[in-house]
Amino acid sequence: MIAEHEYRLGRSCLHKILHSRAGLPRNDTDNAFSAWMRSEAKKLAAISHHLFLDAVHLSPANDARLADQTSEIIAAGGTVAGARFVVESASCRVDFATRLGSVIRLYQIVPKCVDLEKHRRGWEFATQAGNVRGEWRGHLEDMALRLWIVQRLWPQLRVVPFFITPVRGASVDVEALHSFFE
């Protein structure tokens, strides 16, 4: 079975998957810039949890029981934070998953700003020529994997993906709202 993080590693180098499975350390994750990016992403995650106040929070552990718990909550029409889905050949984690009737919505937090003007013109995720923008390719491929897995588990339901992301140019009532979260 391939895990979602291995799928991401394999896009750049297949040997990274072998190193990951062997438990070898990576030297490309421990620098000041990466630490800062992770801390900023955690701020967005903290804010995003306020969108799903009724969500059942599952542990971030890589445990097969979490997939069973996710399925039970989704079947009951609930919302799951840290949802985990497993099929015979792959597994993934989604920041939030909820079922509304015959639709399962998957929400993934992406700490990358969306420009409203580009989005209105349809150029946020694709170029004017119709090609996928490189800065979004990885996020879209990850979401495609998540969709594939969830559709295998729930073939009778429609699965709809969403990104939770900051919006460049949008105004809020509280100046520097992001600075209130750690």
# chains A, B, ... in the order shown; residues from 1 in each chain; ligands from 1
>>> closest_atom_pairs(of="stretch 106-170 of chain A", to="stretch 29-39 of chain A", cutoff="12 Å", atoms="only C-alpha atoms", output="Markdown table")
| residue | atom | partner | partner_atom | distance |
| --- | --- | --- | --- | --- |
| A:Val110 | CA | A:Arg38 | CA | 11.3 |
| A:Pro111 | CA | A:Met37 | CA | 8.6 |
| A:Lys112 | CA | A:Met37 | CA | 10.5 |
>>> residues_around(residues="stretch 146-148 of chain A", least_positions_apart="2", cutoff="8 Å", atoms="only C-alpha atoms", output="ChimeraX atom specification")
/A:92-94,142-144,150-152,159-161
>>> residues_around(residues="A:Leu44", least_positions_apart="3", cutoff="9 Å", atoms="only C-alpha atoms", output="PyMOL selection string")
chain A and resi 40-41+47-49+109-111+164-166+178+181
>>> atom_distance(atom1="atom CA of A:Arg137", atom2="atom CA of A:Phe125")
8.2 Å
>>> residues_around(residues="A:Asp95", least_positions_apart="2", cutoff="9 Å", atoms="only C-alpha atoms", output="list in words")
Ala45, Val80, Ala81, Gly82, Ala83, Arg84, Arg93, Ala97, Leu106, Tyr107, Gln108 and Ile109 of chain A
>>> atom_distance(atom1="atom CA of A:Arg65", atom2="atom CA of A:Glu88")
14.6 Å
>>> atom_distance(atom1="atom CA of A:Phe85", atom2="atom CA of A:Lys43")
24.8 Å
>>> select_by_dssp(residues="stretch 5-130 of chain A", states="alpha helix (DSSP H)", output="ChimeraX atom specification")
/A:5-12,14-21,32-48,64-75,116-121
>>> closest_residue(among="A:Arg133, A:Arg120, A:Arg99, A:His139", to="A:Arg158", atoms="only C-alpha atoms")
A:Arg99
